[in-house]
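For reference, the structure discussed in these notes is given below.
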Amino acid sequence: MMHKFPKINFIGNKEKIAKWITDYFPKDAESIFDAFSGGSSVSYQSKMKGLKVISNDILKINYLLSKALIENNSTKLSYEDVEILFSGVPKEGFMFNNYSEVFFFPKECAALDLYRENIEKLDSEYKKALALVLMRRAMIRKMPYSRFNINWDKIVQLRDEKYSYEKYKRKRAYHNQSFKSLFIENVSEYNRAVFDNNKENLSLNDDIFNILDNVKADVIYLDPPYTGTMNDYFGFYGMLDEYIVGKKLQPFENNFIDKKTSIALFDKLFSKLNNFKYWYLSYNNSSYPTKEQLVKLLGNYSNNVQLVEKPHIYKITGKENKKVNMEYLFIVENTNLTSKTELAYERAEL
Ligand SMILES: C[S@@+](CC[C@H](N)C(=O)[O-])C[C@H]1O[C@@H](n2cnc3c(N)ncnc32)[C@H](O)[C@@H]1O
């Protein structure tokens, strides 16, 4: 049976080309490590392909997306669970105190604080993960531009349906729908996306540089933030991690944002991939390092480097204004594969 990836809305996701990417995986591959899993689109496609999937992301919310949809093989949210989530009265907690009139109205923040407390009443880690990623979906839906680094004045302006209609001919009424109704709208779709591929899949939540020595898989898929494009993932989604843990957080390091350090960072990354026989790296033509620089860098590690390209056409505005973005997939066979030792990784807790 074919399963459908649910609506996640993750900036820089590979949803549209996930199949194209995984179709290049070698026939003998049985496992994949999705090292920068983001919205989990490549992990999900790999799970559908029957591979054992290990995924990782430095952001907790992305780890939870994977925990709910990749590692979780069977747990779903029931009607009773949803009732637990939305019972009680709003309270003034972390969101109310820190994000009122920053990203949401005070009443909305107080509702989020209540729901966060209620999520802890669910009886399994997978249910909690599902509830948190559905809450994420509702929060993102209410947020103009779907990311949490927009000024409050702009948010208020774009959430004004009259203004939005006059200016953009779209009311965007979903920005003003309640969290509860947005959550409920999406529960069945997320529940249906949960399936068992008869593998013990695993989701991890760490800086990639901390765990490369401890994970083993046939394929490693690398889709890091692209230097020079929209790539401030802590800026986009860090607030969701703060909602999960109930405290302010510092941006993470190693985020591939800085052009000056990006070549050195890639080199450091490639130097640590000895546990993997095949490396797959996604990149595109509007980012840095360039394709030539990446080919050269990878050539230091293998004499079997391939590059496949796929034009990705997207409209900016109007009919003529089309921009062709070239998607790159570097495929590297690790000719220096040394380590054959079995490595185990403990299940990460929420
Ligand atoms: C381009 S996105 C991945 C998109 C993903 N392939 C998808 O289809 O949704 C890059 C991801 O890398 C994560 N990231 C950034 N620096 C990281 C690091 N040092 N270790 C692990 N993950 C990191 C970000 O949180 C972000 O989710």
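Naming works like this for the structure tokens: A, B, ... for the chains as they're shown, residue 1 at the start of each chain, ligands 1 onward in shown order.
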Open item on the list: Residues near range 180-196 of chain A, anyone? I mean within 7 Å using only C-alpha atoms, not counting same-chain ones fewer than 3 positions away, as a ChimeraX atom specification.
Closed with: /A:3-6,69,72-74,76-77,134-135,138,177
Could you turn the residues from that selection into a file that holds N, CA and C atoms, as an mmCIF file, in the first residue's frame?
data_model
loop_
_atom_site.group_PDB
_atom_site.id
_atom_site.type_symbol
_atom_site.label_atom_id
_atom_site.label_comp_id
_atom_site.auth_asym_id
_atom_site.auth_seq_id
_atom_site.Cartn_x
_atom_site.Cartn_y
_atom_site.Cartn_z
ATOM 1 N N HIS A 3 1.725 5.015 0.924
ATOM 2 C CA HIS A 3 1.359 5.941 1.987
ATOM 3 C C HIS A 3 1.654 7.349 1.539
ATOM 4 N N LYS A 4 0.938 8.282 2.107
ATOM 5 C CA LYS A 4 1.088 9.647 1.633
ATOM 6 C C LYS A 4 1.747 10.510 2.696
ATOM 7 N N PHE A 5 2.781 11.194 2.269
ATOM 8 C CA PHE A 5 3.478 12.129 3.135
ATOM 9 C C PHE A 5 2.519 13.282 3.468
ATOM 10 N N PRO A 6 2.344 13.602 4.744
ATOM 11 C CA PRO A 6 1.360 14.640 5.084
ATOM 12 C C PRO A 6 1.874 16.056 4.816
ATOM 13 N N LEU A 69 6.751 10.136 12.404
ATOM 14 C CA LEU A 69 6.400 9.578 11.089
ATOM 15 C C LEU A 69 7.353 8.510 10.570
ATOM 16 N N ASN A 72 8.190 5.890 14.442
ATOM 17 C CA ASN A 72 6.887 5.376 14.869
ATOM 18 C C ASN A 72 6.268 4.519 13.761
ATOM 19 N N ASN A 73 6.035 3.266 14.069
ATOM 20 C CA ASN A 73 5.490 2.353 13.059
ATOM 21 C C ASN A 73 3.987 2.130 13.187
ATOM 22 N N SER A 74 3.397 2.499 14.332
ATOM 23 C CA SER A 74 1.983 2.137 14.498
ATOM 24 C C SER A 74 1.132 3.054 15.385
ATOM 25 N N LYS A 76 -1.047 5.958 16.793
ATOM 26 C CA LYS A 76 -1.818 7.069 16.229
ATOM 27 C C LYS A 76 -2.520 7.818 17.350
ATOM 28 N N LEU A 77 -3.036 8.987 17.047
ATOM 29 C CA LEU A 77 -3.788 9.743 18.053
ATOM 30 C C LEU A 77 -5.259 9.373 17.953
ATOM 31 N N LEU A 134 1.709 18.086 15.120
ATOM 32 C CA LEU A 134 0.426 18.639 14.653
ATOM 33 C C LEU A 134 0.229 20.064 15.185
ATOM 34 N N MET A 135 0.711 20.298 16.391
ATOM 35 C CA MET A 135 0.648 21.663 16.946
ATOM 36 C C MET A 135 1.572 22.566 16.110
ATOM 37 N N ALA A 138 -0.233 23.581 13.049
ATOM 38 C CA ALA A 138 -1.228 24.623 13.325
ATOM 39 C C ALA A 138 -0.553 25.986 13.532
ATOM 40 N N GLN A 177 -7.783 31.126 12.109
ATOM 41 C CA GLN A 177 -8.455 29.930 12.631
ATOM 42 C C GLN A 177 -7.785 29.550 13.955
#
Using only C-alpha atoms, what does the table of range 90-140 of chain A residues within 8 Å of range 61-68 of chain A look like, with each row giving the shortest atom pair and its distance in Å to one decimal, sorted by chain and ascending number, as CSV?
residue,atom,partner,partner_atom,distance
A:Tyr126,CA,A:Ala68,CA,5.7
A:Lys127,CA,A:Ala68,CA,7.6
A:Ala129,CA,A:Ala68,CA,5.3
A:Leu130,CA,A:Ala68,CA,5.1
A:Leu132,CA,A:Leu64,CA,7.6
A:Val133,CA,A:Leu65,CA,5.9
Selection to disk with C-alpha atoms, as a PDB file, in the first residue's frame:
ATOM      1  CA  TYR A 126       5.027   8.660  19.936  1.00  0.00           C
ATOM      2  CA  LYS A 127       1.670  10.209  20.802  1.00  0.00           C
ATOM      3  CA  ALA A 129       5.583  13.514  19.177  1.00  0.00           C
ATOM      4  CA  LEU A 130       2.518  13.347  16.921  1.00  0.00           C
ATOM      5  CA  LEU A 132       3.680  18.294  18.975  1.00  0.00           C
ATOM      6  CA  VAL A 133       4.134  18.065  15.210  1.00  0.00           C
TER       7      VAL A 133
END
Task: Environment of ligand 1 within 8 Å, counting only C-alpha atoms and all ligand atoms, reported as a ChimeraX atom specification - done: /A:10-15,18,34-43,56-59,62,205-209,222-226,231,233-234,252-256
TODO: Enumerate as a VMD selection string all residues of range 99-213 of chain A assigned to alpha helix (DSSP H) by DSSP on the backbone, naming them with the chain letters and numbers the document uses.
DONE: chain A and resid 99 106 to 119 125 to 141 152 to 158 161 to 168 179 to 193 208 to 211
Task: All strand (DSSP E) residues (DSSP, backbone) inside range 170-342 of chain A, as a PyMOL selection string - done: chain A and resi 202-204+217-222+276-284+305-317+321-333
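Note that the spacing between CA of Ile150 in chain A and CA of Ala173 in chain A amounts to 18.3 Å.
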Open item on the list: Residues within 9 Å of Met326 in chain A, please, as a ChimeraX atom specification. Count only C-alpha atoms; anything in the same chain fewer than 5 positions from it doesn't count.
Closed with: /A:283-286,309-313
- [ ] Determine, counting only C-alpha atoms, which protein, DNA and RNA residues have an atom within 12 Å of an atom of Asn176 in chain A; residues of the same chain fewer than 4 positions away are not included. Present the result as a ChimeraX atom specification.
- [x] /A:104-105,108,138-144,155-156,158-161,171-172,180-182
Please produce an output containing C-alpha atoms for each residue in the selection, written as a CSV table (one decimal), in the first residue's frame.
chain,number,residue,atom,x,y,z
A,104,PHE,CA,0.8,35.4,18.4
A,105,PHE,CA,-1.9,37.3,20.3
A,108,GLU,CA,-3.4,32.4,21.6
A,138,ALA,CA,-1.2,24.6,13.3
A,139,MET,CA,1.3,27.2,14.5
A,140,ILE,CA,2.9,27.5,11.1
A,141,ARG,CA,-0.5,27.8,9.4
A,142,LYS,CA,-1.3,30.8,11.6
A,143,MET,CA,2.0,32.4,10.8
A,144,PRO,CA,2.4,34.7,7.7
A,155,ILE,CA,2.1,39.7,11.3
A,156,VAL,CA,-0.8,41.9,12.5
A,158,LEU,CA,-1.0,40.2,7.2
A,159,ARG,CA,-3.5,38.6,9.6
A,160,ASP,CA,-5.9,41.4,8.9
A,161,GLU,CA,-8.2,39.6,6.4
A,171,LYS,CA,-8.1,36.6,2.8
A,172,ARG,CA,-5.8,34.0,4.3
A,180,LYS,CA,-7.6,23.6,17.9
A,181,SER,CA,-9.5,23.7,14.6
A,182,LEU,CA,-6.3,23.6,12.5
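Nearest residue to Trp152 in chain A among A:Leu307, A:Ile263, A:Val102, A:Ala131 is A:Val102, counting only C-alpha atoms.
Shortest separation to Tyr145 in chain A among A:Tyr79, A:Phe236, A:Val332, A:Lys7 occurs at residue A:Phe236, atoms counted being only C-alpha atoms.
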- [ ] Excluding range 295-300 of chain A and any residue of its chain fewer than 5 positions from it, enumerate the residues within 8 Å of it, using only C-alpha atoms, and give them as a ChimeraX atom specification.
- [x] /A:267,270,305,332
